[in-house]
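Coordinates from coords.pdb are shown below (PDB, C-alpha atoms, pLDDT in the B column).
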```pdb
ATOM      1  CA  MET A  21     -18.309   8.632  13.207  1.00 47.00           C
ATOM      2  CA  THR A  22     -16.870   5.447  14.604  1.00 55.00           C
ATOM      3  CA  LYS A  23     -13.174   5.469  15.432  1.00 70.00           C
ATOM      4  CA  ASN A  24     -10.564   3.355  13.710  1.00 80.00           C
ATOM      5  CA  GLN A  25     -12.323   1.472  10.961  1.00 87.00           C
ATOM      6  CA  ILE A  26     -10.573  -0.627   8.337  1.00 91.00           C
ATOM      7  CA  HIS A  27     -12.087  -1.311   4.939  1.00 92.00           C
ATOM      8  CA  GLU A  28     -10.274  -3.784   2.688  1.00 94.00           C
ATOM      9  CA  TRP A  29     -10.713  -4.886  -0.900  1.00 94.00           C
ATOM     10  CA  HIS A  30      -8.605  -6.453  -3.624  1.00 92.00           C
ATOM     11  CA  GLU A  31      -7.835  -5.850  -7.282  1.00 91.00           C
ATOM     12  CA  ARG A  32      -6.397  -8.247  -9.795  1.00 91.00           C
ATOM     13  CA  ASP A  33      -3.246  -7.185 -11.651  1.00 82.00           C
ATOM     14  CA  GLU A  34      -4.009  -7.564 -15.349  1.00 84.00           C
ATOM     15  CA  GLU A  35      -0.409  -8.376 -16.308  1.00 85.00           C
ATOM     16  CA  SER A  36       0.472 -11.003 -13.722  1.00 84.00           C
ATOM     17  CA  GLY A  37      -3.022 -12.098 -12.701  1.00 87.00           C
ATOM     18  CA  LYS A  38      -2.125 -11.756  -9.008  1.00 89.00           C
ATOM     19  CA  ARG A  39      -4.281 -10.044  -6.419  1.00 92.00           C
ATOM     20  CA  ARG A  40      -3.242  -6.794  -4.788  1.00 92.00           C
ATOM     21  CA  TYR A  41      -4.940  -6.052  -1.488  1.00 95.00           C
ATOM     22  CA  ILE A  42      -5.831  -2.478  -0.548  1.00 95.00           C
ATOM     23  CA  ARG A  43      -6.769  -1.160   2.869  1.00 95.00           C
ATOM     24  CA  GLY A  44      -8.480   2.114   3.688  1.00 94.00           C
ATOM     25  CA  TYR A  45      -8.044   3.026   7.348  1.00 94.00           C
ATOM     26  CA  TRP A  46     -10.222   5.657   9.043  1.00 91.00           C
ATOM     27  CA  ASN A  47      -8.534   6.939  12.219  1.00 87.00           C
ATOM     28  CA  SER A  48     -11.307   9.310  13.403  1.00 81.00           C
ATOM     29  CA  ARG A  49      -9.811  12.277  11.499  1.00 83.00           C
ATOM     30  CA  ASP A  50      -8.719  11.219   8.049  1.00 87.00           C
ATOM     31  CA  TRP A  51      -8.150   8.311   5.699  1.00 91.00           C
ATOM     32  CA  THR A  52      -4.869   6.510   5.125  1.00 94.00           C
ATOM     33  CA  PHE A  53      -4.261   3.813   2.548  1.00 96.00           C
ATOM     34  CA  ALA A  54      -1.960   0.810   2.388  1.00 96.00           C
ATOM     35  CA  THR A  55      -1.370  -1.949  -0.149  1.00 94.00           C
ATOM     36  CA  LEU A  56      -0.194  -5.527   0.176  1.00 94.00           C
ATOM     37  CA  GLU A  57       1.510  -6.991  -2.872  1.00 89.00           C
ATOM     38  CA  PRO A  58       1.847 -10.752  -3.399  1.00 87.00           C
ATOM     39  CA  GLY A  59       4.974 -11.989  -1.650  1.00 87.00           C
ATOM     40  CA  ALA A  60       5.327  -8.886   0.534  1.00 89.00           C
ATOM     41  CA  ASP A  61       5.728  -9.278   4.277  1.00 91.00           C
ATOM     42  CA  ASP A  62       3.891  -6.160   5.400  1.00 94.00           C
ATOM     43  CA  TRP A  63       1.465  -3.488   4.249  1.00 94.00           C
ATOM     44  CA  ALA A  64       3.058  -0.586   2.327  1.00 94.00           C
ATOM     45  CA  ARG A  65       1.590   2.827   3.051  1.00 96.00           C
ATOM     46  CA  VAL A  66       0.339   4.887   0.096  1.00 95.00           C
ATOM     47  CA  PRO A  67       1.666   8.439   0.657  1.00 95.00           C
ATOM     48  CA  VAL A  68      -0.552  10.183  -1.935  1.00 93.00           C
ATOM     49  CA  PRO A  69      -3.685   8.220  -2.870  1.00 94.00           C
ATOM     50  CA  SER A  70      -4.746   8.479  -6.511  1.00 93.00           C
ATOM     51  CA  PRO A  71      -8.280   9.523  -7.502  1.00 93.00           C
ATOM     52  CA  GLU A  72      -8.873   5.928  -8.653  1.00 93.00           C
ATOM     53  CA  LEU A  73      -8.066   4.716  -5.140  1.00 94.00           C
ATOM     54  CA  TRP A  74     -10.547   7.200  -3.654  1.00 94.00           C
ATOM     55  CA  LEU A  75     -13.223   6.075  -6.130  1.00 93.00           C
ATOM     56  CA  ALA A  76     -12.587   2.418  -5.252  1.00 94.00           C
ATOM     57  CA  LEU A  77     -12.926   3.245  -1.543  1.00 95.00           C
ATOM     58  CA  ARG A  78     -16.157   5.110  -2.226  1.00 94.00           C
ATOM     59  CA  ASP A  79     -17.526   2.088  -4.086  1.00 93.00           C
ATOM     60  CA  VAL A  80     -16.660  -0.218  -1.171  1.00 94.00           C
ATOM     61  CA  LEU A  81     -18.238   2.187   1.321  1.00 94.00           C
ATOM     62  CA  TRP A  82     -21.352   2.616  -0.810  1.00 93.00           C
ATOM     63  CA  ARG A  83     -21.926  -1.136  -0.898  1.00 93.00           C
ATOM     64  CA  LYS A  84     -21.492  -1.313   2.894  1.00 93.00           C
ATOM     65  CA  TYR A  85     -23.852   1.649   3.350  1.00 92.00           C
ATOM     66  CA  GLN A  86     -26.528  -0.109   1.297  1.00 91.00           C
ATOM     67  CA  ARG A  87     -26.300  -3.061   3.692  1.00 92.00           C
ATOM     68  CA  LYS A  88     -26.579  -0.631   6.645  1.00 91.00           C
ATOM     69  CA  ARG A  89     -23.090  -1.447   7.922  1.00 91.00           C
ATOM     70  CA  ILE A  90     -21.741   2.132   7.945  1.00 89.00           C
ATOM     71  CA  PRO A  91     -23.258   5.619   8.293  1.00 90.00           C
ATOM     72  CA  PHE A  92     -23.696   7.937   5.299  1.00 90.00           C
ATOM     73  CA  LYS A  93     -21.158  10.347   6.835  1.00 89.00           C
ATOM     74  CA  PHE A  94     -18.322   8.144   5.573  1.00 89.00           C
ATOM     75  CA  ILE A  95     -19.493   8.553   1.984  1.00 91.00           C
ATOM     76  CA  GLN A  96     -19.960  12.291   2.418  1.00 91.00           C
ATOM     77  CA  ARG A  97     -16.362  12.690   3.604  1.00 91.00           C
ATOM     78  CA  VAL A  98     -14.978  10.705   0.687  1.00 92.00           C
ATOM     79  CA  ASP A  99     -17.177  12.737  -1.693  1.00 93.00           C
ATOM     80  CA  ALA A 100     -15.695  15.940  -0.245  1.00 92.00           C
ATOM     81  CA  VAL A 101     -12.170  14.652  -0.910  1.00 92.00           C
ATOM     82  CA  LEU A 102     -13.124  13.707  -4.473  1.00 93.00           C
ATOM     83  CA  GLU A 103     -14.599  17.158  -5.075  1.00 92.00           C
ATOM     84  CA  ASP A 104     -11.395  18.763  -3.749  1.00 92.00           C
ATOM     85  CA  LEU A 105      -9.441  16.640  -6.238  1.00 91.00           C
ATOM     86  CA  GLY A 106     -11.752  17.750  -9.063  1.00 91.00           C
ATOM     87  CA  VAL A 107     -13.121  14.255  -9.650  1.00 90.00           C
ATOM     88  CA  PRO A 108     -16.819  13.988 -10.572  1.00 88.00           C
ATOM     89  CA  VAL A 109     -18.700  12.300  -7.745  1.00 84.00           C
ATOM     90  CA  PRO A 110     -21.052   9.490  -8.836  1.00 79.00           C
ATOM     91  CA  GLN A 111     -24.648  10.385  -8.036  1.00 74.00           C
ATOM     92  CA  HIS A 112     -25.991   6.849  -7.839  1.00 62.00           C
ATOM     93  CA  GLY A 113     -23.313   5.505  -5.527  1.00 54.00           C
ATOM     94  CA  GLY A 114     -21.367   3.112  -7.710  1.00 52.00           C
ATOM     95  CA  PRO A 115     -18.697   3.734 -10.331  1.00 49.00           C
ATOM     96  CA  GLU A 116     -19.504   6.645 -12.584  1.00 47.00           C
ATOM     97  CA  VAL A 117     -21.023   5.843 -15.962  1.00 44.00           C
ATOM     98  CA  ARG A 118     -20.931   8.567 -18.586  1.00 46.00           C
ATOM     99  CA  ASP A 119     -23.555   8.719 -21.327  1.00 47.00           C
ATOM    100  CA  GLU A 120     -22.257   9.163 -24.853  1.00 48.00           C
ATOM    101  CA  GLU A 121     -23.794  12.042 -26.747  1.00 49.00           C
ATOM    102  CA  ASP A 122     -25.018  11.388 -30.294  1.00 40.00           C
TER
END
```
Structure encoded using structure tokens:
Amino acid sequence: MTKNQIHEWHERDEESGKRRYIRGYWNSRDWTFATLEPGADDWARVPVPSPELWLALRDVLWRKYQRKRIPFKFIQRVDAVLEDLGVPVPQHGGPEVRDEED
């Protein structure tokens, strides 16, 4: 796997309407996360990433994998972390969609 890759995305805060930027940083061994809030001077490290953060990273990586910008190994490593956390891993790549039973 390639050393030191940064993958960034943003989310919009529903209350204030402002964007919050999120960065996933691969340092050749593990992932670290940081966020940048509007008006902040520097990135704030996320000490314990939530499962939602891992799923968002997986979605970003899946879209990059489909465009042949990253190897599948990145997705496999994130899937392993999600399985360790007990989070169902999406089979089709994107956000998980659950079917309602009648």
For Arg40 of chain A, the closest of A:Gln111, A:Gln25, A:Glu57, A:Arg65 counting only C-alpha atoms is A:Glu57
Expected axis-aligned box over every listed atom of segment 74-80 of chain A, 4 Å added per side, centre plus edges in Å to one decimal, as JSON:
```
{"center_x": -14.0, "center_y": 3.5, "center_z": -3.7, "size_x": 15.0, "size_y": 15.4, "size_z": 13.0}
```
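Non-sequential neighbours of Trp82 of chain A (distance at most 12 Å, separation of 5 or more positions within a chain, all atoms listed in the file) are His27, Leu75, Ala76, Leu77, Arg87, Lys88, Arg89, Ile90, Pro91, Phe92, Lys93, Phe94, Ile95, Gln96, Val98, Asp99, Pro110, Gln111, His112, Gly113, Gly114 and Pro115 of chain A.
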Saved selection, atoms kept: C-alpha atoms, as an mmCIF file, in the frame of the given file:
```cif
data_model
loop_
_atom_site.group_PDB
_atom_site.id
_atom_site.type_symbol
_atom_site.label_atom_id
_atom_site.label_comp_id
_atom_site.auth_asym_id
_atom_site.auth_seq_id
_atom_site.Cartn_x
_atom_site.Cartn_y
_atom_site.Cartn_z
ATOM 1 C CA HIS A 27 -12.087 -1.311 4.939
ATOM 2 C CA LEU A 75 -13.223 6.075 -6.130
ATOM 3 C CA ALA A 76 -12.587 2.418 -5.252
ATOM 4 C CA LEU A 77 -12.926 3.245 -1.543
ATOM 5 C CA ARG A 87 -26.300 -3.061 3.692
ATOM 6 C CA LYS A 88 -26.579 -0.631 6.645
ATOM 7 C CA ARG A 89 -23.090 -1.447 7.922
ATOM 8 C CA ILE A 90 -21.741 2.132 7.945
ATOM 9 C CA PRO A 91 -23.258 5.619 8.293
ATOM 10 C CA PHE A 92 -23.696 7.937 5.299
ATOM 11 C CA LYS A 93 -21.158 10.347 6.835
ATOM 12 C CA PHE A 94 -18.322 8.144 5.573
ATOM 13 C CA ILE A 95 -19.493 8.553 1.984
ATOM 14 C CA GLN A 96 -19.960 12.291 2.418
ATOM 15 C CA VAL A 98 -14.978 10.705 0.687
ATOM 16 C CA ASP A 99 -17.177 12.737 -1.693
ATOM 17 C CA PRO A 110 -21.052 9.490 -8.836
ATOM 18 C CA GLN A 111 -24.648 10.385 -8.036
ATOM 19 C CA HIS A 112 -25.991 6.849 -7.839
ATOM 20 C CA GLY A 113 -23.313 5.505 -5.527
ATOM 21 C CA GLY A 114 -21.367 3.112 -7.710
ATOM 22 C CA PRO A 115 -18.697 3.734 -10.331
#
```
For Lys38 of chain A, find every residue with an atom within 7 Å (counting all atoms listed in the file), except residues of its own chain fewer than 3 positions away, and show them as a PyMOL selection string.
chain A and resi 32-33+58
Evaluating the PyMOL selection byres ((chain A and resi 30) around 8) on the displayed file yields which residues, as a PDB file with C-alpha atoms, in the coordinates of the input?
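Everything below was put into expr_7.pdb:
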```
ATOM      1  CA  GLU A  28     -10.274  -3.784   2.688  1.00 94.00           C
ATOM      2  CA  TRP A  29     -10.713  -4.886  -0.900  1.00 94.00           C
ATOM      3  CA  GLU A  31      -7.835  -5.850  -7.282  1.00 91.00           C
ATOM      4  CA  ARG A  32      -6.397  -8.247  -9.795  1.00 91.00           C
ATOM      5  CA  ARG A  39      -4.281 -10.044  -6.419  1.00 92.00           C
ATOM      6  CA  ARG A  40      -3.242  -6.794  -4.788  1.00 92.00           C
ATOM      7  CA  TYR A  41      -4.940  -6.052  -1.488  1.00 95.00           C
ATOM      8  CA  ILE A  42      -5.831  -2.478  -0.548  1.00 95.00           C
TER       9      ILE A  42
END
```
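For the pair atom CA of Thr52 of chain A and atom CA of Gln86 of chain A, the interatomic distance is 23.0 Å.
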